[in-house]
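J.: First, the structure itself, so that you have it in front of you.
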Amino acid sequence: MKTMRPAAAAAAILAAGLAGAAQAQAPIKIGLVLPYSAGPFVAIANEITDSMALALEESGYMAAGRKIELVREDTTHKPDVAQAKAKKLVFEDKVDMLVGPVASAELTALFDFAHQSKVPLLIPNAGDNEVTGEKCSPWVLRTSFSNDQIVRDMGRWMAGKGYRKVALLAFDYKAGHQLMGGFKKPFTEAGGTIVTEQYPPFGRLSDFGPWLGKIRDAKPDAVFTFFAGPPATLLVQQFKEFGLDREMKLTGAGWLVSPLNLPSQGKAAAGVIGALNYVPAIDNPVNKSYQERFQAKFKRVGSEFGAQGYDTAKLIHAAITQAGGKTDDKAALVKAMHAVRIEGTRGPLRIDPKTNNVIQDIYVFETELQGDKVGYKVVDRIRDVQDPPNGCTLGG
């Protein structure tokens, strides 16, 4: 075995040192795989991205001495495109982690790639229970919510407030059934009765009349729903037009009256009770700062989707700092994400190592007229809502 000459050894050490320095100075890349140009979730994708950028601006896009870059790819709301773009981000752009998607329809494709390639994927919105339940992966973490997490305590809450008879209404697809099921079990266990349960076909809907007619005939105390976007606006408006607001309470997962919907819903949105992990009226310093900065920059109220994006970026920044800026060891990076606790727009939150789902507070709120506009009032706060493993075997 030949012994390296002193000069050669010194050169090798210098080269290694320069390589290490170069790595230390290389930017940390976060790959965003979101539907920026097509499908029903373009506004949500932009809300998440804008809010992540707002959070990273606070540190000058720096963490542990390294620059942070956001690298965007458009999924066009197609699962095969989402996976292809994720592969490009990892293998060509060399991103250190992925953030996406918006909807569960794209999540399976991204989940499979992240699990196989062992690249951390942080979910900023999609709520499919199974992803942090029986199909969980050590490489896929959720910073948003599981569908059950949003509604599970709302069933008990409504029963305790005297809503004994409830009608359920949601689209006929996986998320609709998960959210209605997550509400129904605790509600009935607390003594409530489901008087009717309806699932219109998923897709474009121009009239809720047939379903609202059946609800009127069932005479419930309240309706519990899950709709977002244009269908949510239509439901709120028609509920008022049918005069049902004088006979029963409209309630549901809080996306029904999201800040993205309120301008088009108008005063018809007043009086709705919702449950969600975020509402703009949350009274804490982080949320107040977020809303002030978001509204000053974008001239609108930041939504729950934006808040999730902001908190996702804050958690990533905290984890990178915890890891000393080292991102090559992906397992250590995930471990750092488990270790950090942050104060977000939603209050305190952390990632549960047993499921990779977020532990967070859930808020019950009511919309009300505030001057000539509809705003939000927090009426209850359910702290540290944590999913059981539900078949997940990560341990932790």
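Labeling convention for the structure tokens: chains A, B, ... as they appear, residues from 1 per chain, ligands from 1 in order of appearance.
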Where in region 76-314 of chain A does DSSP assign helix (DSSP H, G or I), given as a PyMOL selection string?
T.: chain A and resi 79-91+104-117+129-132+147-160+174-189+209-218+229-241+244-246+254-257+262-269+285-298+304-314
J.: Go ahead and write the residues just picked, C-alpha atoms, as a short mmCIF file (atom, residue, chain, number, x, y, z; two decimals), in the first residue's frame.
T.:
data_model
loop_
_atom_site.label_atom_id
_atom_site.label_comp_id
_atom_site.auth_asym_id
_atom_site.auth_seq_id
_atom_site.Cartn_x
_atom_site.Cartn_y
_atom_site.Cartn_z
CA PRO A 79 -51.63 12.58 -10.71
CA ASP A 80 -49.26 11.36 -13.46
CA VAL A 81 -48.02 14.89 -14.07
CA ALA A 82 -47.56 15.41 -10.32
CA GLN A 83 -45.32 12.36 -10.07
CA ALA A 84 -43.33 13.31 -13.18
CA LYS A 85 -42.75 16.80 -11.81
CA ALA A 86 -41.69 15.41 -8.44
CA LYS A 87 -39.13 13.20 -10.16
CA LYS A 88 -37.80 16.19 -12.09
CA LEU A 89 -37.47 18.22 -8.91
CA VAL A 90 -35.57 15.44 -7.11
CA PHE A 91 -33.36 14.04 -9.88
CA SER A 104 -55.87 13.81 -2.31
CA ALA A 105 -56.34 12.87 -5.98
CA GLU A 106 -52.66 13.71 -6.60
CA LEU A 107 -51.43 12.53 -3.23
CA THR A 108 -51.19 8.82 -4.00
CA ALA A 109 -48.78 9.46 -6.88
CA LEU A 110 -46.60 11.79 -4.81
CA PHE A 111 -46.78 9.52 -1.77
CA ASP A 112 -45.54 6.49 -3.74
CA PHE A 113 -42.61 8.43 -5.21
CA ALA A 114 -41.57 9.99 -1.89
CA HIS A 115 -41.76 6.64 -0.11
CA GLN A 116 -39.70 4.84 -2.73
CA SER A 117 -37.09 7.58 -3.21
CA ASN A 129 -56.87 9.73 6.61
CA GLU A 130 -54.96 6.70 5.33
CA VAL A 131 -51.79 8.65 4.47
CA THR A 132 -51.02 9.15 8.15
CA ASN A 147 -60.04 14.58 7.59
CA ASP A 148 -61.00 12.92 10.88
CA GLN A 149 -58.96 15.42 12.87
CA ILE A 150 -61.05 18.34 11.64
CA VAL A 151 -64.49 16.90 12.44
CA ARG A 152 -64.08 14.23 15.12
CA ASP A 153 -64.53 16.57 18.10
CA MET A 154 -67.21 18.59 16.30
CA GLY A 155 -69.60 15.63 16.58
CA ARG A 156 -69.30 15.63 20.36
CA TRP A 157 -69.36 19.43 20.50
CA MET A 158 -72.62 19.74 18.56
CA ALA A 159 -74.33 17.02 20.59
CA GLY A 160 -73.28 18.84 23.75
CA LYS A 174 -63.51 9.55 -0.54
CA ALA A 175 -63.02 12.83 1.33
CA GLY A 176 -66.77 13.39 1.58
CA HIS A 177 -67.33 9.99 3.17
CA GLN A 178 -64.30 10.31 5.47
CA LEU A 179 -65.42 13.68 6.81
CA MET A 180 -69.04 12.67 7.29
CA GLY A 181 -67.95 9.39 8.91
CA GLY A 182 -65.51 11.21 11.18
CA PHE A 183 -68.32 13.47 12.40
CA LYS A 184 -71.07 10.83 12.59
CA LYS A 185 -69.47 8.27 14.92
CA PRO A 186 -68.70 10.63 17.85
CA PHE A 187 -72.00 12.46 17.30
CA THR A 188 -74.13 9.34 17.55
CA GLU A 189 -72.04 8.01 20.45
CA GLY A 209 -82.52 22.06 -4.53
CA PRO A 210 -83.30 18.31 -4.58
CA TRP A 211 -81.03 17.64 -1.60
CA LEU A 212 -82.17 20.69 0.35
CA GLY A 213 -85.78 19.61 -0.17
CA LYS A 214 -85.10 16.25 1.47
CA ILE A 215 -83.34 18.00 4.33
CA ARG A 216 -86.35 20.26 4.91
CA ASP A 217 -88.62 17.19 5.02
CA ALA A 218 -86.33 15.50 7.60
CA GLY A 229 -64.92 26.38 -3.53
CA PRO A 230 -67.86 27.19 -5.87
CA PRO A 231 -70.12 24.38 -4.52
CA ALA A 232 -69.73 25.82 -1.02
CA THR A 233 -70.76 29.26 -2.28
CA LEU A 234 -73.80 27.80 -4.03
CA LEU A 235 -74.88 25.80 -0.98
CA VAL A 236 -74.65 28.78 1.38
CA GLN A 237 -76.63 30.97 -1.02
CA GLN A 238 -79.35 28.40 -1.68
CA PHE A 239 -79.66 27.46 2.00
CA LYS A 240 -80.58 31.11 2.59
CA GLU A 241 -82.84 31.32 -0.48
CA LEU A 244 -83.70 26.94 5.80
CA ASP A 245 -81.62 29.31 7.91
CA ARG A 246 -84.84 30.12 9.80
CA GLY A 254 -64.95 25.29 7.97
CA TRP A 255 -63.98 25.38 4.29
CA LEU A 256 -67.68 26.01 3.68
CA VAL A 257 -67.14 29.68 4.55
CA LEU A 262 -66.95 34.97 1.63
CA PRO A 263 -66.80 37.77 -0.98
CA SER A 264 -69.10 35.82 -3.34
CA GLN A 265 -71.33 34.42 -0.56
CA GLY A 266 -72.04 37.84 0.88
CA LYS A 267 -74.42 38.24 3.81
CA ALA A 268 -75.91 34.79 3.19
CA ALA A 269 -72.81 33.39 4.92
CA PRO A 285 -49.19 37.24 17.78
CA VAL A 286 -48.08 34.98 14.93
CA ASN A 287 -51.49 35.04 13.28
CA LYS A 288 -51.90 38.78 13.73
CA SER A 289 -48.51 39.38 12.09
CA TYR A 290 -49.31 36.94 9.28
CA GLN A 291 -52.65 38.57 8.49
CA GLU A 292 -51.22 42.09 8.64
CA ARG A 293 -48.41 41.23 6.24
CA PHE A 294 -50.54 39.07 3.94
CA GLN A 295 -53.31 41.65 3.66
CA ALA A 296 -50.83 44.48 3.09
CA LYS A 297 -49.19 42.56 0.24
CA PHE A 298 -52.14 40.81 -1.40
CA GLU A 304 -56.72 28.56 6.04
CA PHE A 305 -54.77 27.33 3.01
CA GLY A 306 -52.38 30.25 3.26
CA ALA A 307 -51.98 29.74 7.00
CA GLN A 308 -51.05 26.09 6.40
CA GLY A 309 -48.46 27.16 3.83
CA TYR A 310 -47.02 29.73 6.21
CA ASP A 311 -46.79 27.23 9.07
CA THR A 312 -45.27 24.60 6.76
CA ALA A 313 -42.45 26.97 5.86
CA LYS A 314 -41.93 27.89 9.53
#
J.: Fewer than 3 positions away in the same chain doesn't count, so skip those; otherwise give me all residues within 6 Å of region 344-355 of chain A, counting only C-alpha atoms, as a VMD selection string.
T.: chain A and resid 132 278 286 to 287 311 338 341 358 to 360 389 394 to 396
J.: Per DSSP on the backbone, filter region 252-371 of chain A down to the residues in strand (DSSP E) and report them as a ChimeraX atom specification.
T.: /A:252-253,273-276,342-344,347-351,358-370
J.: Could you jot down the CA of Ser37 (chain A) to CA of His317 (chain A) separation for me, Å, one decimal place?
T.: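 Separation between CA of Ser37 (chain A) and CA of His317 (chain A): 27.4 Å.
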J.: Looking at A:Trp139, A:Phe365, A:Tyr36, A:Phe242, which one is nearest to Ala332 (chain A), with distances taken over only C-alpha atoms?
T.: A:Trp139
